[in-house]
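In what follows, a structure is listed as structure tokens, so that the remarks can point back to it.
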Amino acid sequence: MTTRSSQDRIAEAAREVLRTNDTGTLIKAAPHLYPHQWSWDAAFISIGLATFDIPRALAELEHLRAAQWASGMIPHIVFSPAPGYFPDAARWRTAGLSPPGVATSGICQPAVHAIALRRIRQRAAGGPHEATVLEYLSRTFDSWLSWHRWLHDVRCAEGSGLLTIHHGWESGMDNSPRFDVAYARVEPGALEPFARTDTTVVADSGQRPTDQEYARYLWLVQQLADVGYRDAEADAACDFVVKDVFASAVFAVACDDLAAIAEELGREPDAQTLRGWALASAKAVDATIDPATGLACDVDLRAGSKVSVPCVSGFAPLLSTRDAGVRASQERLLAGPDWLGATGLAFRLPCSTSPTSDAFRARQYWRGPTWPVLTWFLAFQSRRKGRVDLFESLRAASLSQLADLQFGEYYEPFTGEPLGSSRQSWTAAVALEWLAPEPRTRLITG
Ligand code: 2M8
């Protein structure tokens, strides 16, 4: 249990991380490893910023919105001029697709943005920035709606409620074992030469994806760039086509949050459309649950089968389900011996892969470590569904983990060692959100 003075130290240090990672135009996802703006990082970062600087929170989202493509797609990276990250902007070949003067990648990430917008709206309620936030929401609503419409119409064109991804990077959980089978099918041809930068920043390369994994990542980028990122062609041209259950659950939640914003703005028809998308995706996510494991599954469209690997994404229904039975059984599973109750954990926090699974790797990126940002996200959604006890226990454990003031990108689950980048912006952001008083507004519910 962290004391009040330890909590004050965490908050102070977290604000300092966000301030020093701020380039003045964007907040770097991490000081050295990720010197650009990442899409879902920016949303979580804005949630943390909103605890002490609401205008800066809006500015962060606005920087991302300014990179939105004409199609509605919000790219997963908006590049700053800083060198030192590979693949760099040129590798993506997105000139002419990204807005003039803005360098972006060509793929997307989970759509957490409307969740952030609603959280910022809640934090602004009754305060000096409320009018600014409402004006911002009103002025930019159509952009966020077109992002959701693109996801719905393009990434879910067949109407299943589940979103398609063409790259593990689109899931945000890059090398999770949930994608091992899909990646095994990716056989890189002649790759343009490349030199990784991540393994020069993270000295222990065992904490990062392997070179073989990187070759596959780059091959997929080449395949997508070759078809100009046109999704209809990408489905056929790209070796990796997966229905991402976690991104679909995020979409369901975000559609509900954007609907709440639409209602406040008096845009009832848009709200109804969004509520419909939310319901369809929430149901579709529940329908992927493997009865043998109780976990939700991605669908590998190339193989035509569900992927049942015990990863944290299997708890996607905890984010989005409307079924009390599904929620109860997922919570039981989470509390059980394969997850929070696993033997030897330094903190009772969800690992990215179940520690009792053969696929688990304690130090390797999305293959096992705990990710503070995900812990917060699962807890936040649980509290919104009334599960204050689960929220409080995850909050206490996460703050104990974060008391090291390293703001690790991820943590070794048994030793508690911070891994990957330190001073990771989204880790600092969720620390601030854990510690900020709950806004007193009815806008919080739902
Ligand atoms: C990681 O992904 C990037 C590629 O997008 C990388 O490894 O270079 C992931 O953890 C992703 O979810 C995250 O958004 C990004 C920046 O924190 O880093």
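Scheme for the structure tokens: letters A, B, ... for chains in order shown; per-chain residue numbers from 1; ligand numbers from 1 in order shown.
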For A:His36: contacts at 9 Å, only C-alpha atoms, fewer than 5 positions along chain excluded, given as a VMD selection string = chain A and resid 26 to 30 77 to 82 85
When the cut-off is 6 Å and you count only C-alpha atoms and all ligand atoms, which residues lie near ligand 1, shown as a PDB file with N, CA and C atoms, in the first residue's frame?
ATOM      1  N   ALA A  29       6.219   9.511 -27.104  1.00  0.00           N
ATOM      2  CA  ALA A  29       5.730   8.341 -26.362  1.00  0.00           C
ATOM      3  C   ALA A  29       6.757   7.901 -25.318  1.00  0.00           C
ATOM      4  N   TRP A  38       2.425   8.607 -30.934  1.00  0.00           N
ATOM      5  CA  TRP A  38       1.685   7.390 -31.284  1.00  0.00           C
ATOM      6  C   TRP A  38       0.203   7.616 -30.984  1.00  0.00           C
ATOM      7  N   TRP A  40      -2.568   5.686 -29.967  1.00  0.00           N
ATOM      8  CA  TRP A  40      -3.284   5.357 -28.723  1.00  0.00           C
ATOM      9  C   TRP A  40      -2.526   5.863 -27.506  1.00  0.00           C
ATOM     10  N   ASP A  41      -1.205   5.990 -27.626  1.00  0.00           N
ATOM     11  CA  ASP A  41      -0.454   6.641 -26.542  1.00  0.00           C
ATOM     12  C   ASP A  41      -0.987   8.045 -26.311  1.00  0.00           C
ATOM     13  N   TRP A 169       1.227  -4.346 -35.371  1.00  0.00           N
ATOM     14  CA  TRP A 169       1.354  -2.989 -34.823  1.00  0.00           C
ATOM     15  C   TRP A 169       0.000  -2.299 -34.708  1.00  0.00           C
ATOM     16  N   GLY A 172      -1.465  -2.697 -31.318  1.00  0.00           N
ATOM     17  CA  GLY A 172      -0.739  -2.083 -30.207  1.00  0.00           C
ATOM     18  C   GLY A 172      -0.001  -3.106 -29.362  1.00  0.00           C
ATOM     19  N   MET A 173      -0.275  -4.401 -29.558  1.00  0.00           N
ATOM     20  CA  MET A 173       0.366  -5.464 -28.753  1.00  0.00           C
ATOM     21  C   MET A 173       1.286  -6.274 -29.669  1.00  0.00           C
ATOM     22  N   ASP A 174       2.186  -5.569 -30.278  1.00  0.00           N
ATOM     23  CA  ASP A 174       2.945  -5.973 -31.455  1.00  0.00           C
ATOM     24  C   ASP A 174       3.323  -7.449 -31.577  1.00  0.00           C
TER      25      ASP A 174
END
task = Can you work out which one of A:Pro128, A:Pro87, A:Pro75, A:Gly189 has the shortest atom-to-atom distance to A:Val102, counting only C-alpha atoms?
result = A:Pro75
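Taking only C-alpha atoms, the non-local environment of A:Thr273 within 10 Å (same-chain residues fewer than 4 positions away omitted) comprises Arg149, Cys255, Asp256, Ala259, Glu268, Pro269, Trp277 and Ala278 of chain A.
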Write a file of the selected residues as a short mmCIF file (atom, residue, chain, number, x, y, z; two decimals), in the first residue's frame, keeping N, CA, C and O atoms.
data_model
loop_
_atom_site.label_atom_id
_atom_site.label_comp_id
_atom_site.auth_asym_id
_atom_site.auth_seq_id
_atom_site.Cartn_x
_atom_site.Cartn_y
_atom_site.Cartn_z
N ARG A 149 -16.40 6.05 -38.35
CA ARG A 149 -17.10 5.57 -39.55
C ARG A 149 -16.16 4.78 -40.45
O ARG A 149 -16.51 3.74 -41.00
N CYS A 255 -17.28 3.98 -29.19
CA CYS A 255 -18.51 4.40 -29.87
C CYS A 255 -19.53 4.87 -28.84
O CYS A 255 -20.24 5.86 -29.06
N ASP A 256 -19.63 4.17 -27.73
CA ASP A 256 -20.56 4.61 -26.68
C ASP A 256 -20.16 5.97 -26.13
O ASP A 256 -21.00 6.83 -25.87
N ALA A 259 -20.91 8.56 -28.58
CA ALA A 259 -22.38 8.76 -28.60
C ALA A 259 -22.80 9.68 -27.46
O ALA A 259 -23.66 10.55 -27.64
N GLU A 268 -28.35 13.85 -32.10
CA GLU A 268 -29.06 12.61 -31.77
C GLU A 268 -28.91 11.52 -32.84
O GLU A 268 -28.60 10.37 -32.49
N PRO A 269 -29.08 11.84 -34.14
CA PRO A 269 -28.94 10.76 -35.14
C PRO A 269 -27.54 10.13 -35.12
O PRO A 269 -27.40 8.90 -35.23
N TRP A 277 -23.37 0.80 -33.55
CA TRP A 277 -22.05 0.20 -33.80
C TRP A 277 -21.51 -0.40 -32.50
O TRP A 277 -20.91 -1.48 -32.51
N ALA A 278 -21.70 0.33 -31.40
CA ALA A 278 -21.19 -0.15 -30.11
C ALA A 278 -21.82 -1.49 -29.74
O ALA A 278 -21.12 -2.43 -29.35
#
key: Those in stretch 182-303 of chain A with helix (DSSP H, G or I) from DSSP, as a ChimeraX atom specification   = /A:182-184,198-201,205-207,211-226,231-237,245-264,268-287
request  = Identify, on the basis of only C-alpha atoms, every residue whose closest approach to A:Arg367 does not exceed 8 Å; exclude the query and any residue fewer than 4 positions from it along the same chain; express the result as a list in words.
outcome  =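 In the requested form, the answer reads Asn175, Ser176, Pro177, Ser352, Thr353, Ala359, Phe360, Arg361, Ala362 and Arg363 of chain A.
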Restricting the output to N, CA and C atoms, write the selected residues as a PDB file, in the first residue's frame.
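Heads up, here's the output in selection-v4.pdb:
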ATOM      1  N   ASN A 175       4.074  -7.964 -30.611  1.00  0.00           N
ATOM      2  CA  ASN A 175       4.579  -9.339 -30.779  1.00  0.00           C
ATOM      3  C   ASN A 175       3.872 -10.316 -29.837  1.00  0.00           C
ATOM      4  N   SER A 176       2.657  -9.968 -29.436  1.00  0.00           N
ATOM      5  CA  SER A 176       1.898 -10.871 -28.576  1.00  0.00           C
ATOM      6  C   SER A 176       1.813 -12.256 -29.219  1.00  0.00           C
ATOM      7  N   PRO A 177       1.901 -13.323 -28.427  1.00  0.00           N
ATOM      8  CA  PRO A 177       1.791 -14.668 -29.018  1.00  0.00           C
ATOM      9  C   PRO A 177       0.437 -14.926 -29.677  1.00  0.00           C
ATOM     10  N   SER A 352       0.660  -9.631 -19.746  1.00  0.00           N
ATOM     11  CA  SER A 352       0.206  -9.553 -21.135  1.00  0.00           C
ATOM     12  C   SER A 352      -0.071 -10.940 -21.715  1.00  0.00           C
ATOM     13  N   THR A 353       0.577 -11.949 -21.166  1.00  0.00           N
ATOM     14  CA  THR A 353       0.278 -13.341 -21.509  1.00  0.00           C
ATOM     15  C   THR A 353       0.186 -14.096 -20.185  1.00  0.00           C
ATOM     16  N   ALA A 359       3.446 -20.037 -23.809  1.00  0.00           N
ATOM     17  CA  ALA A 359       3.839 -18.888 -24.638  1.00  0.00           C
ATOM     18  C   ALA A 359       4.426 -17.756 -23.800  1.00  0.00           C
ATOM     19  N   PHE A 360       4.295 -17.838 -22.486  1.00  0.00           N
ATOM     20  CA  PHE A 360       4.710 -16.740 -21.599  1.00  0.00           C
ATOM     21  C   PHE A 360       6.228 -16.532 -21.602  1.00  0.00           C
ATOM     22  N   ARG A 361       6.645 -15.270 -21.726  1.00  0.00           N
ATOM     23  CA  ARG A 361       8.059 -14.892 -21.583  1.00  0.00           C
ATOM     24  C   ARG A 361       8.090 -13.694 -20.646  1.00  0.00           C
ATOM     25  N   ALA A 362       8.756 -13.834 -19.501  1.00  0.00           N
ATOM     26  CA  ALA A 362       8.630 -12.836 -18.429  1.00  0.00           C
ATOM     27  C   ALA A 362       9.161 -11.459 -18.799  1.00  0.00           C
ATOM     28  N   ARG A 363      10.163 -11.408 -19.707  1.00  0.00           N
ATOM     29  CA  ARG A 363      10.817 -10.117 -19.970  1.00  0.00           C
ATOM     30  C   ARG A 363      10.570  -9.588 -21.368  1.00  0.00           C
TER      31      ARG A 363
END
